[in-house]
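For reference, the structure discussed in these notes is given below.
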Amino acid sequence: MVIWLFSFAAQAGTSTDGINQQGYTETKYPIVLVHGLFGFDTLAGMDYFYGIPQALTKSGAKVYVAQISATNSTEVRGEQLLAQVEEVLAVTGAEKVNLIGHSHGGPTTRYVASVAPELVASVTSIGGVNKGSYIADLTRNTIPEGSIPEGIGVKLAEGLTTLINLLSGGSHLPQDPLASLDALTTVGLMEFNKKYPEGVPSTYCGEGEFLADNGVYYYSWTGTSNFTNLLDPTDGAMVILGLAFDEPNDGLVGKCSTHLGKVIRDDYKMNHLDEINGMLGVTHLFETAPTTVYRQHANRLQQQGL
């Protein structure tokens, strides 16, 4: 099996004050970034985590970006990620990794930490679908199983993933749009959480264990804004999707569903795409830049000895 994993070499920072000082993001263990639904590592030269690996490496972090199925069950994606984690450990000689997952990448990283906790120092869920997405529920409940509309939707999703595979080099990866949809529903996450409960809050909007019984540290953060920048053409879709929720949300996931372990913040002025630095870095003018948030978190991991 070919492991599609792209690394970003560390580059020393030149400034010595505050957040830009040399070594600010230098964690003990490598960082592995994990994409969500319909995600990729690099698509036609554009990073899914736009500019984030570079922002982390410029002051010491070792960063790897995983490439896993754009659409599939959490377990299938998790097994793919586990193989790539093992590859990172073999390449670097490190004992563990710090996993950071966005959207469906949240449960995917949790799977790896649950089945192979000895390989994982921390899991960070960003806009993670940890208790299900109402958008997935609405889609699953509106379109009957085995119906013509479902078949059309699957074909459209397959077309999109084919294009993603073509442009990102992931054509070897299996895709299953319906498996990913079912995995992201409230029912799907309830079943998943029974098997892999680490870090999941026992109450709907509470915090989970910071240090779980498996020895892994769990963190989470999210945005709860839909419209954030007039120049971002994707904001309109986030606004429309956000109307489906009865709680603050980032356009695709409700605030409380994103909670996992220690909740760093759940009210950034970001939508679901801003959390990965959005459309070419176009985000809210009066919110901390997503790249800075990732750098601050790398320093947090460093301070924790991770």
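Starting from 1 in every chain, residues are counted up; chains themselves are A, B, ... following the order of the structure tokens, and ligands are numbered from 1 as listed.
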- Near-A:Lys195 list (10 Å; only C-alpha atoms; drop same-chain fewer than 6 positions) as a list of chain:residue names: A:Tyr111, A:Ser114, A:Val115, A:Leu189
Could you produce a table of the residues of stretch 212-301 of chain A lying within 9 Å of stretch 56-59 of chain A, with the nearest pair of atoms per residue and their separation in Å rounded to one decimal, using only C-alpha atoms, ordered by chain and increasing residue number, as a tab-separated table?
```
residue	atom	partner	partner_atom	distance
A:Thr291	CA	A:Leu56	CA	7.9
A:Thr292	CA	A:Leu56	CA	8.8
A:Tyr294	CA	A:Leu56	CA	7.2
A:Arg295	CA	A:Leu56	CA	5.7
A:Ala298	CA	A:Leu56	CA	7.5
```
Keeping only C-alpha atoms, write the selected residues to a file as a PDB file, in the first residue's frame.
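Wrote selection_23.pdb, looks like this:
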```pdb
ATOM      1  CA  THR A 291      -2.910  30.389  11.253  1.00  0.00           C
ATOM      2  CA  THR A 292      -2.224  32.138  14.556  1.00  0.00           C
ATOM      3  CA  TYR A 294      -2.958  26.829  15.096  1.00  0.00           C
ATOM      4  CA  ARG A 295       0.415  28.270  16.137  1.00  0.00           C
ATOM      5  CA  ALA A 298       1.196  24.082  18.889  1.00  0.00           C
TER       6      ALA A 298
END
```
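Looking only at stretch 205-274 of chain A, the set that DSSP places in alpha helix (DSSP H) from backbone geometry is Asp235, Gly236, Ala237, Met238, Val239, Ile240, Leu241 and Gly242 of chain A.
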- Quick one: residues within 8 Å of stretch 21-32 of chain A, only C-alpha atoms counted, chain neighbours fewer than 5 positions away excluded, as JSON, numbers by chain? {"A": [12, 13, 14, 15, 16, 56, 57, 59, 60, 61, 62, 63, 64, 65, 66, 85, 94, 95, 96, 97, 98, 99, 100, 121, 295, 296, 298, 299, 301, 302, 305, 306]}
How about saving the chosen residues, N, CA and C atoms kept, as a short mmCIF file (atom, residue, chain, number, x, y, z; two decimals), in the first residue's frame?
```
data_model
loop_
_atom_site.label_atom_id
_atom_site.label_comp_id
_atom_site.auth_asym_id
_atom_site.auth_seq_id
_atom_site.Cartn_x
_atom_site.Cartn_y
_atom_site.Cartn_z
N ALA A 12 13.48 27.60 10.94
CA ALA A 12 13.64 28.41 12.14
C ALA A 12 13.08 29.80 11.93
N GLY A 13 12.35 30.30 12.93
CA GLY A 13 11.86 31.66 12.88
C GLY A 13 12.99 32.64 13.17
N THR A 14 12.82 33.87 12.72
CA THR A 14 13.88 34.86 12.90
C THR A 14 13.57 35.85 14.01
N SER A 15 12.28 35.99 14.33
CA SER A 15 11.91 36.94 15.39
C SER A 15 12.08 36.29 16.74
N THR A 16 12.37 37.06 17.76
CA THR A 16 12.58 36.49 19.10
C THR A 16 11.56 36.99 20.10
N LEU A 56 3.06 26.72 10.90
CA LEU A 56 3.53 25.93 12.04
C LEU A 56 5.02 25.63 11.96
N THR A 57 5.50 25.34 10.76
CA THR A 57 6.89 24.91 10.63
C THR A 57 7.88 26.07 10.74
N SER A 59 8.51 28.12 12.88
CA SER A 59 9.20 28.29 14.16
C SER A 59 9.33 26.96 14.90
N GLY A 60 9.55 25.89 14.11
CA GLY A 60 10.02 24.67 14.73
C GLY A 60 9.21 23.41 14.63
N ALA A 61 7.92 23.49 14.28
CA ALA A 61 7.10 22.27 14.27
C ALA A 61 7.46 21.36 13.10
N LYS A 62 7.36 20.06 13.33
CA LYS A 62 7.43 19.09 12.25
C LYS A 62 5.99 18.70 11.92
N VAL A 63 5.59 18.96 10.68
CA VAL A 63 4.18 18.81 10.31
C VAL A 63 4.02 17.85 9.13
N TYR A 64 3.05 16.96 9.26
CA TYR A 64 2.71 16.04 8.19
C TYR A 64 1.22 16.19 7.90
N VAL A 65 0.85 16.11 6.64
CA VAL A 65 -0.55 16.22 6.24
C VAL A 65 -1.00 14.91 5.64
N ALA A 66 -1.96 14.26 6.28
CA ALA A 66 -2.43 12.96 5.83
C ALA A 66 -3.35 13.10 4.62
N VAL A 85 0.20 7.25 10.31
CA VAL A 85 0.85 7.57 11.59
C VAL A 85 2.06 6.67 11.79
N ALA A 94 10.11 9.22 16.05
CA ALA A 94 9.33 9.67 17.20
C ALA A 94 8.53 8.51 17.79
N GLU A 95 8.16 8.64 19.06
CA GLU A 95 7.38 7.60 19.71
C GLU A 95 5.89 7.79 19.52
N LYS A 96 5.48 9.06 19.35
CA LYS A 96 4.06 9.38 19.24
C LYS A 96 3.86 10.54 18.28
N VAL A 97 2.58 10.85 17.99
CA VAL A 97 2.25 12.02 17.18
C VAL A 97 1.16 12.82 17.88
N ASN A 98 1.03 14.08 17.50
CA ASN A 98 -0.09 14.92 17.88
C ASN A 98 -1.03 14.99 16.68
N LEU A 99 -2.25 14.49 16.84
CA LEU A 99 -3.21 14.48 15.74
C LEU A 99 -4.13 15.69 15.83
N ILE A 100 -4.31 16.40 14.72
CA ILE A 100 -5.22 17.54 14.65
C ILE A 100 -6.16 17.30 13.48
N ALA A 121 -0.04 11.14 21.27
CA ALA A 121 0.14 11.98 22.45
C ALA A 121 -1.10 12.83 22.71
N ARG A 295 -0.91 28.07 15.53
CA ARG A 295 0.42 28.27 16.14
C ARG A 295 0.31 28.34 17.66
N GLN A 296 -0.70 29.02 18.15
CA GLN A 296 -0.91 29.09 19.59
C GLN A 296 -1.16 27.69 20.17
N ALA A 298 -0.07 24.82 18.89
CA ALA A 298 1.20 24.08 18.89
C ALA A 298 2.02 24.46 20.11
N ASN A 299 2.03 25.73 20.47
CA ASN A 299 2.75 26.16 21.66
C ASN A 299 2.09 25.58 22.92
N LEU A 301 0.60 22.69 23.11
CA LEU A 301 1.06 21.31 23.16
C LEU A 301 2.50 21.25 23.66
N GLN A 302 3.30 22.19 23.20
CA GLN A 302 4.69 22.25 23.65
C GLN A 302 4.76 22.44 25.17
N GLY A 305 4.23 19.50 27.19
CA GLY A 305 5.25 18.46 27.06
C GLY A 305 4.96 17.47 25.97
N LEU A 306 4.11 17.91 25.01
CA LEU A 306 3.71 17.02 23.92
C LEU A 306 4.34 17.42 22.60
#
```
- Identify which of the residues A:Asn214, A:Thr74, A:Thr228, A:Gln84 lies closest to A:Asn277, counting only C-alpha atoms when measuring atom-to-atom distances. A:Thr228
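Across the structure, atom CA of A:Thr288 and atom CA of A:Arg265 are spaced 12.1 Å apart.
The protein and nucleic acid residues lying at most 8 Å from A:Leu181 are Ala136, Arg140, Pro177, Leu178, Leu184 and Thr185 of chain A, with only C-alpha atoms considered and sequence neighbours fewer than 3 positions away removed.
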- Message: So that I can check the surroundings of A:Val112, please list as a ChimeraX atom specification every protein, DNA and RNA residue that reaches within 6 Å of it, counting only C-alpha atoms and ignoring chain neighbours fewer than 3 positions away.
- Response: /A:78,82,109,115-116
- Message: Under the rule that only C-alpha atoms are counted, which of A:Ala212, A:Ile276, A:Leu241, A:Met270 is the nearest residue to A:Gly105?
- Response: A:Ile276
